[in-house]
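Participant: Coordinates in target-v1.txt, compact mmCIF, C-alpha atoms, are listed below.
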```
# COMPACT_ATOMS: atom_id res chain seq x y z
CA MET P 150 8.78 -34.20 11.93
CA LYS P 151 5.46 -32.72 10.88
CA ARG P 152 7.18 -29.45 10.01
CA ASN P 153 9.77 -31.26 7.88
CA TRP P 154 7.06 -33.00 5.91
CA ARG P 155 5.34 -29.68 5.27
CA ILE P 156 8.57 -28.09 4.04
CA LEU P 157 9.20 -31.12 1.80
CA LEU P 158 5.68 -30.83 0.37
CA PHE P 159 6.21 -27.11 -0.24
CA VAL P 160 9.57 -27.64 -1.96
CA ALA P 161 8.09 -30.40 -4.18
CA GLY P 162 5.17 -28.16 -5.12
CA ALA P 163 7.35 -25.10 -5.69
CA VAL P 164 9.77 -27.03 -7.93
CA GLY P 165 6.83 -28.47 -9.89
CA ILE P 166 5.25 -25.06 -10.42
CA ALA P 167 8.61 -23.53 -11.37
CA PHE P 168 9.11 -26.31 -13.93
CA LEU P 169 5.64 -25.89 -15.46
CA PHE P 170 6.01 -22.10 -15.40
CA ALA P 171 9.32 -22.30 -17.26
CA ILE P 172 7.71 -24.53 -19.92
CA ALA P 173 4.75 -22.18 -20.27
CA ALA P 174 6.71 -18.92 -20.26
CA GLY P 175 9.44 -20.07 -22.64
CA PRO P 176 7.68 -19.48 -25.98
CA LEU P 177 6.00 -16.21 -24.85
CA ILE P 178 6.96 -13.17 -26.90
CA HIS P 179 7.60 -9.73 -25.42
CA PRO P 180 4.45 -7.58 -25.24
CA ARG P 181 6.23 -5.05 -27.46
CA ASP P 182 6.38 -7.56 -30.32
CA ILE P 183 2.74 -8.63 -30.22
CA ARG P 184 0.89 -7.78 -33.42
CA ASN P 185 -2.67 -8.13 -32.23
CA GLN P 186 -5.35 -7.18 -34.71
CA TYR P 187 -7.95 -6.55 -32.00
CA ALA P 188 -5.63 -4.20 -30.10
CA ALA P 189 -4.75 -2.34 -33.28
CA ALA P 190 -8.43 -1.96 -34.20
CA ILE P 191 -9.34 -0.70 -30.72
CA ASN P 192 -6.41 1.71 -30.61
CA SER P 193 -7.32 3.30 -33.92
CA ALA P 194 -11.08 3.35 -33.22
CA THR P 195 -11.02 5.05 -29.79
CA PHE P 196 -9.65 8.33 -31.04
CA ALA P 197 -10.93 8.31 -34.62
CA GLU P 198 -14.49 7.14 -33.98
CA ARG P 199 -15.20 8.16 -30.37
CA ASN P 200 -13.04 11.30 -29.82
CA VAL P 201 -11.79 9.69 -26.61
CA THR P 202 -8.19 9.58 -25.36
CA ASP P 203 -8.47 6.84 -22.72
CA THR P 204 -8.75 3.51 -24.51
CA VAL P 205 -9.56 1.57 -21.35
CA SER P 206 -12.66 3.66 -20.63
CA ALA P 207 -13.75 3.41 -24.26
CA VAL P 208 -13.47 -0.39 -24.16
CA ASN P 209 -15.23 -0.67 -20.80
CA PHE P 210 -18.10 1.73 -21.39
CA ASP P 211 -18.60 1.54 -25.15
CA PHE P 212 -17.00 -1.21 -27.24
CA ARG P 213 -17.64 -3.84 -24.58
CA GLY P 214 -20.25 -1.89 -22.63
CA PHE P 215 -22.56 -4.88 -22.30
CA ASP P 216 -19.92 -6.78 -20.30
CA THR P 217 -19.58 -3.81 -17.97
CA LEU P 218 -23.36 -3.70 -17.54
CA GLY P 219 -23.13 -7.28 -16.27
CA GLU P 220 -20.27 -6.38 -13.91
CA GLU P 221 -22.18 -3.38 -12.63
CA PHE P 222 -25.11 -5.58 -11.72
CA ILE P 223 -22.83 -8.17 -10.13
CA LEU P 224 -21.68 -5.37 -7.81
CA LEU P 225 -25.27 -4.26 -7.18
CA VAL P 226 -26.41 -7.79 -6.36
CA SER P 227 -23.45 -8.52 -4.08
CA VAL P 228 -24.00 -5.27 -2.17
CA LEU P 229 -27.69 -6.15 -1.81
CA GLY P 230 -26.79 -9.66 -0.66
CA SER P 231 -24.38 -8.35 1.98
CA LEU P 232 -26.98 -5.88 3.23
CA VAL P 233 -29.61 -8.61 3.56
CA LEU P 234 -27.12 -10.89 5.31
CA LEU P 235 -25.91 -8.20 7.72
CA ARG P 236 -29.26 -6.51 8.40
CA MET P 237 -30.00 -5.27 11.90
CA ILE P 238 -31.13 -8.22 13.98
CA GLU P 239 -34.18 -7.97 16.25
CA ASP P 240 -32.56 -8.06 19.67
CA ARG P 241 -30.48 -4.97 18.95
CA LYS P 242 -33.30 -2.82 17.60
CA GLY P 243 -34.25 0.15 19.76
CA LYS P 244 -31.29 -0.26 22.11
CA VAL P 245 -28.50 2.20 22.77
CA LEU P 246 -25.67 1.08 20.50
CA ARG P 247 -22.03 1.90 20.90
CA ASP P 248 -19.07 1.30 18.60
CA ALA P 249 -17.38 -1.80 20.01
CA LEU P 250 -14.05 -0.68 18.58
CA ASP P 251 -14.08 2.14 21.15
CA GLU P 252 -13.40 -0.47 23.85
CA TRP P 253 -9.84 -0.83 22.56
CA ARG P 254 -9.27 2.87 22.24
CA ASP P 255 -7.84 4.18 25.48
CA VAL P 256 -8.10 7.68 24.11
CA GLY P 257 -9.95 8.87 21.02
CA PRO P 258 -8.18 10.21 17.95
CA SER P 259 -6.19 13.34 18.75
CA ASP P 260 -7.48 16.77 17.71
CA ALA P 261 -4.65 17.07 15.19
CA ILE P 262 -5.71 13.86 13.41
CA ARG P 263 -9.39 14.84 13.47
CA LEU P 264 -8.64 18.27 12.01
CA TRP P 265 -6.37 16.78 9.34
CA ILE P 266 -9.02 14.22 8.35
CA LEU P 267 -11.76 16.88 8.17
CA ALA P 268 -9.45 18.98 6.01
CA MET P 269 -8.74 16.00 3.75
CA ILE P 270 -12.39 15.15 3.02
CA ALA P 271 -13.09 18.03 0.60
CA PRO P 272 -9.96 17.43 -1.56
CA LYS P 273 -10.74 13.70 -1.56
CA VAL P 274 -14.32 14.28 -2.78
CA ALA P 275 -13.04 16.72 -5.40
CA PHE P 276 -10.43 14.19 -6.57
CA GLY P 277 -13.08 11.46 -6.74
CA ILE P 278 -15.38 13.65 -8.86
CA TYR P 279 -12.42 14.58 -11.05
CA ILE P 280 -11.56 10.92 -11.66
CA VAL P 281 -15.22 10.04 -12.39
CA THR P 282 -15.80 12.88 -14.85
CA HIS P 283 -12.43 12.63 -16.63
CA GLY P 284 -12.69 8.89 -17.33
CA GLN P 285 -12.81 9.49 -21.09
CA LEU P 286 -9.71 11.73 -21.08
CA THR P 287 -7.23 10.29 -18.55
CA PRO P 288 -6.84 6.98 -16.70
CA GLY P 289 -9.70 6.45 -14.30
CA GLY P 290 -13.44 6.46 -14.74
CA GLY P 291 -16.57 5.52 -12.86
CA PHE P 292 -15.27 2.57 -10.88
CA GLN P 293 -11.98 4.09 -9.69
CA GLY P 294 -13.53 7.49 -8.92
CA GLY P 295 -16.48 5.88 -7.16
CA VAL P 296 -14.23 3.96 -4.78
CA ILE P 297 -12.24 7.14 -4.06
CA LEU P 298 -15.51 8.94 -3.21
CA ALA P 299 -16.48 6.08 -0.89
CA SER P 300 -13.10 6.25 0.86
CA ALA P 301 -13.85 9.90 1.71
CA ALA P 302 -16.69 8.54 3.86
CA LEU P 303 -14.31 5.96 5.31
CA ILE P 304 -11.80 8.52 6.59
CA LEU P 305 -14.73 10.39 8.16
CA TYR P 306 -15.34 7.23 10.21
CA LEU P 307 -11.65 6.97 11.12
CA GLY P 308 -11.64 10.51 12.48
CA GLU P 309 -15.07 11.00 14.00
CA GLY P 310 -16.35 7.52 14.80
CA PHE P 311 -19.50 5.68 13.78
CA THR P 312 -22.18 8.08 15.03
CA VAL P 313 -20.98 10.99 12.89
CA PHE P 314 -20.44 8.61 9.96
CA ARG P 315 -24.06 7.43 10.24
CA ASP P 316 -25.44 10.95 10.59
CA VAL P 317 -23.61 12.16 7.48
CA ILE P 318 -24.24 9.07 5.33
CA SER P 319 -28.02 9.21 5.36
CA HIS P 320 -28.99 5.61 4.73
CA PRO P 321 -32.08 5.96 2.45
CA ALA P 322 -30.38 8.62 0.30
CA THR P 323 -27.38 6.37 -0.29
CA GLU P 324 -29.66 3.53 -1.31
CA ILE P 325 -31.47 5.78 -3.78
CA VAL P 326 -28.15 6.92 -5.32
CA GLU P 327 -27.08 3.27 -5.56
CA GLY P 328 -30.23 2.33 -7.46
CA ALA P 329 -30.15 5.49 -9.58
CA GLY P 330 -26.58 4.73 -10.70
CA ALA P 331 -27.43 1.20 -11.77
CA LEU P 332 -30.65 2.30 -13.52
CA GLY P 333 -28.80 5.22 -15.14
CA PHE P 334 -26.45 2.80 -16.93
CA LEU P 335 -29.47 0.75 -18.04
CA PHE P 336 -31.31 3.82 -19.38
CA VAL P 337 -28.28 5.34 -21.15
CA GLY P 338 -28.04 2.02 -22.98
CA MET P 339 -31.68 2.35 -24.06
CA LEU P 340 -31.07 5.80 -25.63
CA GLY P 341 -30.10 4.08 -28.86
CA TRP P 342 -33.58 2.58 -29.16
CA ILE P 343 -35.07 6.05 -29.78
CA TRP P 344 -33.25 6.16 -33.12
CA GLY P 345 -33.92 2.49 -33.77
CA ARG P 346 -30.30 1.52 -33.05
CA PRO P 347 -29.09 -1.47 -30.99
CA TYR P 348 -28.75 -1.37 -27.20
CA LEU P 349 -25.77 0.66 -25.87
CA THR P 350 -25.13 2.39 -29.21
CA ASN P 351 -23.20 5.62 -28.72
CA VAL P 352 -25.88 8.05 -30.00
CA VAL P 353 -25.07 11.11 -27.86
CA PRO P 354 -23.02 13.80 -29.74
CA LEU P 355 -19.34 12.91 -29.39
CA GLY P 356 -18.07 16.45 -28.79
CA LYS P 357 -14.52 17.64 -29.36
CA ALA P 358 -11.61 15.39 -28.40
CA HIS P 359 -9.58 16.39 -25.29
CA GLU P 360 -12.65 18.12 -23.82
CA LEU P 361 -14.83 17.14 -20.86
CA THR P 362 -17.89 16.72 -23.08
CA SER P 363 -16.22 14.27 -25.46
CA GLY P 364 -17.14 10.62 -25.74
CA GLY P 365 -20.94 10.77 -25.83
CA THR P 366 -22.40 7.94 -23.76
CA ILE P 367 -18.95 6.99 -22.40
CA ALA P 368 -18.96 10.02 -20.08
CA LEU P 369 -22.61 9.45 -19.07
CA ILE P 370 -22.09 5.76 -18.28
CA SER P 371 -18.91 6.61 -16.38
CA LEU P 372 -20.90 9.05 -14.25
CA ALA P 373 -23.65 6.50 -13.57
CA THR P 374 -21.08 3.86 -12.64
CA GLY P 375 -19.34 6.35 -10.35
CA LEU P 376 -22.58 7.03 -8.45
CA GLU P 377 -23.38 3.34 -8.14
CA VAL P 378 -19.91 2.27 -7.01
CA ALA P 379 -19.57 5.11 -4.49
CA ALA P 380 -22.99 4.43 -2.95
CA GLY P 381 -22.46 0.66 -3.06
CA PHE P 382 -19.15 0.83 -1.19
CA ILE P 383 -20.58 3.27 1.37
CA LEU P 384 -23.50 0.88 1.99
CA LEU P 385 -21.06 -2.02 2.39
CA LEU P 386 -19.00 0.02 4.89
CA TYR P 387 -22.17 0.95 6.75
CA ALA P 388 -23.28 -2.68 6.98
CA PHE P 389 -19.87 -3.90 8.16
CA LEU P 390 -19.39 -1.08 10.67
CA GLN P 391 -22.89 -1.68 12.03
CA GLU P 392 -21.84 -5.26 12.79
CA ASN P 393 -19.35 -3.88 15.29
CA LEU P 394 -21.95 -2.05 17.34
CA SER P 395 -22.85 -3.58 20.65
CA PRO P 396 -25.76 -2.70 22.93
CA VAL P 397 -24.59 -0.71 25.93
CA GLU P 398 -25.01 -2.83 29.04
CA GLU P 399 -26.90 -1.31 31.94
CA THR P 400 -24.79 -1.86 35.02
CA MET M 292 12.48 0.27 -17.43
CA ILE M 293 13.23 -3.44 -17.31
CA TYR M 294 15.24 -2.99 -14.06
CA LEU M 295 12.33 -1.11 -12.50
CA GLN M 296 10.03 -3.98 -13.48
CA ILE M 297 12.39 -6.55 -11.96
CA VAL M 298 12.66 -4.53 -8.72
CA THR M 299 8.88 -4.18 -8.35
CA LEU M 300 8.35 -7.88 -9.11
CA ALA M 301 10.91 -8.73 -6.41
CA LEU M 302 9.07 -6.41 -4.01
CA VAL M 303 5.79 -8.19 -4.82
CA VAL M 304 7.38 -11.57 -4.09
CA ALA M 305 8.91 -10.30 -0.82
CA SER M 306 5.74 -8.61 0.48
CA GLY M 307 3.55 -11.55 -0.56
CA THR M 308 5.82 -13.89 1.39
CA ILE M 309 5.64 -11.58 4.40
CA VAL M 310 1.82 -11.71 4.29
CA ALA M 311 1.85 -15.51 4.08
CA LEU M 312 4.38 -15.94 6.91
CA ASN M 313 2.71 -13.43 9.24
CA ARG M 314 0.80 -15.41 11.89
CA GLU M 315 -0.31 -12.35 13.87
CA VAL M 316 -4.04 -11.93 13.15
CA ALA M 317 -4.13 -8.18 13.75
CA GLY M 318 -0.91 -7.69 11.81
CA GLN M 319 -2.14 -9.44 8.67
CA PRO M 320 -4.46 -6.63 7.47
CA ILE M 321 -1.55 -4.19 7.75
CA THR M 322 0.78 -6.40 5.70
CA VAL M 323 -2.03 -7.09 3.18
CA SER M 324 -2.44 -3.33 2.85
CA LEU M 325 1.27 -2.91 2.12
CA PHE M 326 1.08 -5.80 -0.35
CA GLY M 327 -1.84 -4.04 -2.07
CA LEU M 328 0.14 -0.82 -2.39
CA ILE M 329 3.11 -2.66 -3.90
CA LEU M 330 0.77 -4.44 -6.34
CA ALA M 331 -0.55 -1.00 -7.37
CA LEU M 332 3.04 0.13 -7.92
CA MET M 333 3.60 -2.95 -10.08
CA PHE M 334 0.53 -2.16 -12.23
CA MET M 335 1.83 1.39 -12.60
CA VAL M 336 5.28 0.21 -13.68
CA PHE M 337 3.71 -2.19 -16.19
CA GLN M 338 1.80 0.77 -17.69
CA GLU M 339 -1.70 0.05 -16.44
CA PRO M 340 -2.71 3.17 -14.48
CA ASP M 341 -6.44 2.33 -14.55
CA VAL M 342 -5.95 -0.93 -12.71
CA ALA M 343 -3.41 0.71 -10.38
CA LEU M 344 -6.02 3.29 -9.30
CA SER M 345 -8.57 0.60 -8.43
CA GLN M 346 -5.90 -1.51 -6.74
CA ILE M 347 -4.83 1.37 -4.46
CA VAL M 348 -8.34 1.85 -3.08
CA VAL M 349 -9.62 -1.73 -3.08
CA GLY M 350 -6.40 -3.57 -2.17
CA ALA M 351 -4.80 -1.07 0.16
CA VAL M 352 -7.89 0.35 1.91
CA GLY M 353 -11.04 -1.70 1.32
CA LEU M 354 -9.81 -5.26 1.80
CA PRO M 355 -7.70 -4.63 4.97
CA LEU M 356 -10.62 -2.74 6.52
CA MET M 357 -13.02 -5.64 5.94
CA ILE M 358 -10.49 -8.09 7.44
CA LEU M 359 -9.85 -5.77 10.39
CA LEU M 360 -13.59 -5.42 11.11
CA ALA M 361 -14.10 -9.17 10.92
CA VAL M 362 -11.20 -9.74 13.35
CA ALA M 363 -12.60 -7.10 15.70
CA LYS M 364 -16.00 -8.80 15.71
CA LEU M 365 -14.50 -12.24 16.37
CA ARG M 366 -12.46 -10.90 19.28
CA ARG M 367 -15.48 -9.20 20.79
CA ASP M 368 -17.55 -12.38 20.54
CA GLU M 369 -14.70 -14.20 22.30
CA GLN M 370 -14.68 -11.61 25.07
CA THR M 371 -18.44 -11.79 25.65
CA MET M 372 -18.23 -15.60 25.77
CA GLN M 373 -15.50 -15.40 28.40
CA ARG M 374 -17.54 -12.87 30.37
CA GLU M 375 -20.59 -15.15 30.31
CA LYS M 376 -18.49 -18.11 31.45
CA ALA M 377 -17.15 -16.04 34.33
CA ARG M 378 -20.70 -15.10 35.29
CA GLU M 379 -21.81 -18.73 35.29
CA LYS M 380 -18.92 -19.64 37.55
CA ALA M 381 -19.41 -16.79 40.02
CA PRO M 382 -22.75 -17.88 41.66
CA LYS M 383 -21.44 -21.43 42.17
CA GLU M 384 -18.47 -20.14 44.14
CA ARG M 385 -20.84 -18.19 46.39
CA GLU M 386 -22.79 -21.33 47.19
```
Mind turning the file's structure into structure tokens?
Facilitator:
Amino acid sequence: MKRNWRILLFVAGAVGIAFLFAIAAGPLIHPRDIRNQYAAAINSATFAERNVTDTVSAVNFDFRGFDTLGEEFILLVSVLGSLVLLRMIEDRKGKVLRDALDEWRDVGPSDAIRLWILAMIAPKVAFGIYIVTHGQLTPGGGFQGGVILASAALILYLGEGFTVFRDVISHPATEIVEGAGALGFLFVGMLGWIWGRPYLTNVVPLGKAHELTSGGTIALISLATGLEVAAGFILLLYAFLQENLSPVEET
Amino acid sequence: MIYLQIVTLALVVASGTIVALNREVAGQPITVSLFGLILALMFMVFQEPDVALSQIVVGAVGLPLMILLAVAKLRRDEQTMQREKAREKAPKERE
């Protein structure tokens, strides 16, 4: 009886949404036929005025850079908040801690998996750096590359466990990189002030299009964002993984 | 191109339904991960490679990991509670 009522409720809701969706989607035109002045302006400005081939990066880090600054600090603040919330509590300090997930592992990861993961880390880091530094040329940029860099640390945990992860990801250093990335964005924005221009003006030489040095501040901000995102995600992982440590019981 | 878009949209619907219907707690992160990958594929097909890149890492790796860790912690807390209950019972039986 209860199940029937739930199905009835679902069907009523689904039909209602389908009806409203049909009304809303009816007059929509195909994306191909949209003549949007903003899009046209952005498309012509990215290559002509910034020597950049990836429009998305140009919009994120230059034309609407101030929005991205806000997003960057949202990330910074949420990472900080999680770290404060998940900080090491008193009764576990100074005790021998063990990864609680090991309790469910009858055997550790096999040697083949560990070797494969160790072999994958270097290409993953290289790919992350490639995505961060080529944000102005190809799809990607600071955020995407930063998360890829952080996932290199994650697969280290999958292969070697928490202790090795903690030894490699030195905690204070990661925090410094996190702060340096966020401050880097802030300071690159201030560069314009030296020449009396508004905040986040692209004052660095734009370089030649299709080259790594093109884009001026776009490349610099992308790099700063990459550092911040990579360090932020590693800190988040560290905080969450630390939650799964349990003091070893003396028996 | 339009057929590819229809196929990926159908895949998104199917995998999303699978995630919603899956009642197995440990299985949900895995299905969410698959759902994330298919969403990334959809972004790719709709010509948005930047979003697809972020979606692959955040949706297919980051989110399932956070869910998995939370589930692991909940299960461990449950186990320690059961252990403590067993300990409380044990002395009474001796008496």
Participant: Give the residues of chain M that lie within 9 Å of chain P; count all atoms listed in the file, and format the answer as a PDB file with C-alpha atoms, in the coordinates of the input.
Facilitator:
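Output file result.pdb is given in full below:
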```pdb
ATOM      1  CA  GLU M 339      -1.700   0.050 -16.440  1.00  0.00           C
ATOM      2  CA  PRO M 340      -2.710   3.170 -14.480  1.00  0.00           C
ATOM      3  CA  ASP M 341      -6.440   2.330 -14.550  1.00  0.00           C
ATOM      4  CA  VAL M 342      -5.950  -0.930 -12.710  1.00  0.00           C
ATOM      5  CA  LEU M 344      -6.020   3.290  -9.300  1.00  0.00           C
ATOM      6  CA  SER M 345      -8.570   0.600  -8.430  1.00  0.00           C
ATOM      7  CA  GLN M 346      -5.900  -1.510  -6.740  1.00  0.00           C
ATOM      8  CA  VAL M 348      -8.340   1.850  -3.080  1.00  0.00           C
ATOM      9  CA  VAL M 349      -9.620  -1.730  -3.080  1.00  0.00           C
ATOM     10  CA  VAL M 352      -7.890   0.350   1.910  1.00  0.00           C
ATOM     11  CA  GLY M 353     -11.040  -1.700   1.320  1.00  0.00           C
ATOM     12  CA  LEU M 356     -10.620  -2.740   6.520  1.00  0.00           C
ATOM     13  CA  MET M 357     -13.020  -5.640   5.940  1.00  0.00           C
ATOM     14  CA  LEU M 360     -13.590  -5.420  11.110  1.00  0.00           C
ATOM     15  CA  ALA M 361     -14.100  -9.170  10.920  1.00  0.00           C
ATOM     16  CA  ALA M 363     -12.600  -7.100  15.700  1.00  0.00           C
ATOM     17  CA  LYS M 364     -16.000  -8.800  15.710  1.00  0.00           C
ATOM     18  CA  ARG M 367     -15.480  -9.200  20.790  1.00  0.00           C
TER      19      ARG M 367
END
```
Participant: Distance atom CA of M:Phe326-atom CA of P:Val378, one decimal place?
Facilitator: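 Result for atom CA of M:Phe326 versus atom CA of P:Val378: 23.5 Å, one decimal.
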Participant: With distances taken over all atoms listed in the file, which of M:Thr308, M:Gln338, M:Gln296, M:Gln370 is nearest to M:Val323?
Facilitator: M:Thr308
Participant: If I take atom CA of M:Ile321 and atom CA of P:Leu307, how far is one from the other in Å, to one decimal?
Facilitator: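 So the answer is 15.4 Å.
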Participant: So, counting all atoms listed in the file, which residue among P:Trp154, P:Phe170, P:Phe222, P:Tyr187 is closest to P:Gly330?
Facilitator: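 Between P:Trp154, P:Phe170, P:Phe222, P:Tyr187, the residue approaching P:Gly330 most closely is P:Phe222.
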Participant: Please write a file for stretch 292-372 of chain M, taken from the block I just shared, that holds C-alpha atoms and is laid out as a tab-separated table (two decimals), in the first residue's frame.
Facilitator:
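To be explicit, this is the file written out as result_10.tsv:
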```tsv
chain	number	residue	atom	x	y	z
M	292	MET	CA	26.56	13.88	-34.14
M	293	ILE	CA	22.93	14.15	-33.10
M	294	TYR	CA	22.70	10.33	-32.70
M	295	LEU	CA	25.82	10.35	-30.52
M	296	GLN	CA	24.21	13.05	-28.36
M	297	ILE	CA	20.99	11.04	-28.04
M	298	VAL	CA	22.94	7.89	-27.09
M	299	THR	CA	24.97	9.67	-24.40
M	300	LEU	CA	21.86	11.36	-23.00
M	301	ALA	CA	20.18	7.94	-22.80
M	302	LEU	CA	23.27	6.59	-21.02
M	303	VAL	CA	23.09	9.48	-18.53
M	304	VAL	CA	19.43	8.71	-17.82
M	305	ALA	CA	20.14	4.98	-17.42
M	306	SER	CA	23.18	5.38	-15.13
M	307	GLY	CA	21.46	8.08	-13.07
M	308	THR	CA	18.52	5.74	-12.51
M	309	ILE	CA	20.91	2.96	-11.51
M	310	VAL	CA	22.50	5.25	-8.88
M	311	ALA	CA	19.09	6.21	-7.50
M	312	LEU	CA	17.81	2.62	-7.37
M	313	ASN	CA	20.98	1.18	-5.83
M	314	ARG	CA	20.30	0.58	-2.11
M	315	GLU	CA	23.68	-1.01	-1.39
M	316	VAL	CA	25.67	1.60	0.57
M	317	ALA	CA	29.09	0.37	-0.52
M	318	GLY	CA	27.92	-0.02	-4.11
M	319	GLN	CA	26.66	3.54	-4.45
M	320	PRO	CA	30.10	5.22	-4.70
M	321	ILE	CA	30.99	2.82	-7.52
M	322	THR	CA	27.80	3.59	-9.46
M	323	VAL	CA	28.25	7.34	-8.77
M	324	SER	CA	31.74	7.04	-10.20
M	325	LEU	CA	30.39	5.41	-13.37
M	326	PHE	CA	27.70	8.10	-13.56
M	327	GLY	CA	30.43	10.76	-13.29
M	328	LEU	CA	32.39	9.20	-16.15
M	329	ILE	CA	29.29	9.09	-18.36
M	330	LEU	CA	28.55	12.75	-17.50
M	331	ALA	CA	32.12	13.58	-18.60
M	332	LEU	CA	31.47	11.74	-21.86
M	333	MET	CA	28.29	13.79	-22.31
M	334	PHE	CA	30.20	17.07	-21.80
M	335	MET	CA	32.74	15.87	-24.35
M	336	VAL	CA	30.06	15.02	-26.91
M	337	PHE	CA	28.42	18.42	-26.36
M	338	GLN	CA	31.77	20.07	-27.14
M	339	GLU	CA	32.81	21.22	-23.69
M	340	PRO	CA	36.20	19.57	-23.07
M	341	ASP	CA	37.13	21.93	-20.21
M	342	VAL	CA	34.16	20.88	-18.12
M	343	ALA	CA	34.67	17.24	-19.13
M	344	LEU	CA	38.22	17.32	-17.73
M	345	SER	CA	37.06	18.65	-14.36
M	346	GLN	CA	34.12	16.24	-14.33
M	347	ILE	CA	36.39	13.21	-14.85
M	348	VAL	CA	38.50	14.01	-11.80
M	349	VAL	CA	35.90	15.49	-9.48
M	350	GLY	CA	32.89	13.33	-10.39
M	351	ALA	CA	34.59	10.03	-11.11
M	352	VAL	CA	37.38	10.11	-8.50
M	353	GLY	CA	36.93	12.81	-5.86
M	354	LEU	CA	33.24	12.48	-4.98
M	355	PRO	CA	33.12	8.63	-4.78
M	356	LEU	CA	36.24	8.66	-2.60
M	357	MET	CA	34.70	11.10	-0.13
M	358	ILE	CA	31.50	8.99	0.03
M	359	LEU	CA	33.53	5.79	0.43
M	360	LEU	CA	35.57	7.27	3.29
M	361	ALA	CA	32.45	8.52	5.05
M	362	VAL	CA	30.85	5.05	4.74
M	363	ALA	CA	34.02	3.41	6.05
M	364	LYS	CA	34.04	5.71	9.09
M	365	LEU	CA	30.35	5.06	9.84
M	366	ARG	CA	30.88	1.30	9.64
M	367	ARG	CA	33.87	1.46	11.95
M	368	ASP	CA	31.95	3.51	14.51
M	369	GLU	CA	29.20	0.88	14.34
M	370	GLN	CA	31.72	-1.88	14.94
M	371	THR	CA	33.30	-0.16	17.96
M	372	MET	CA	29.82	0.43	19.42
```
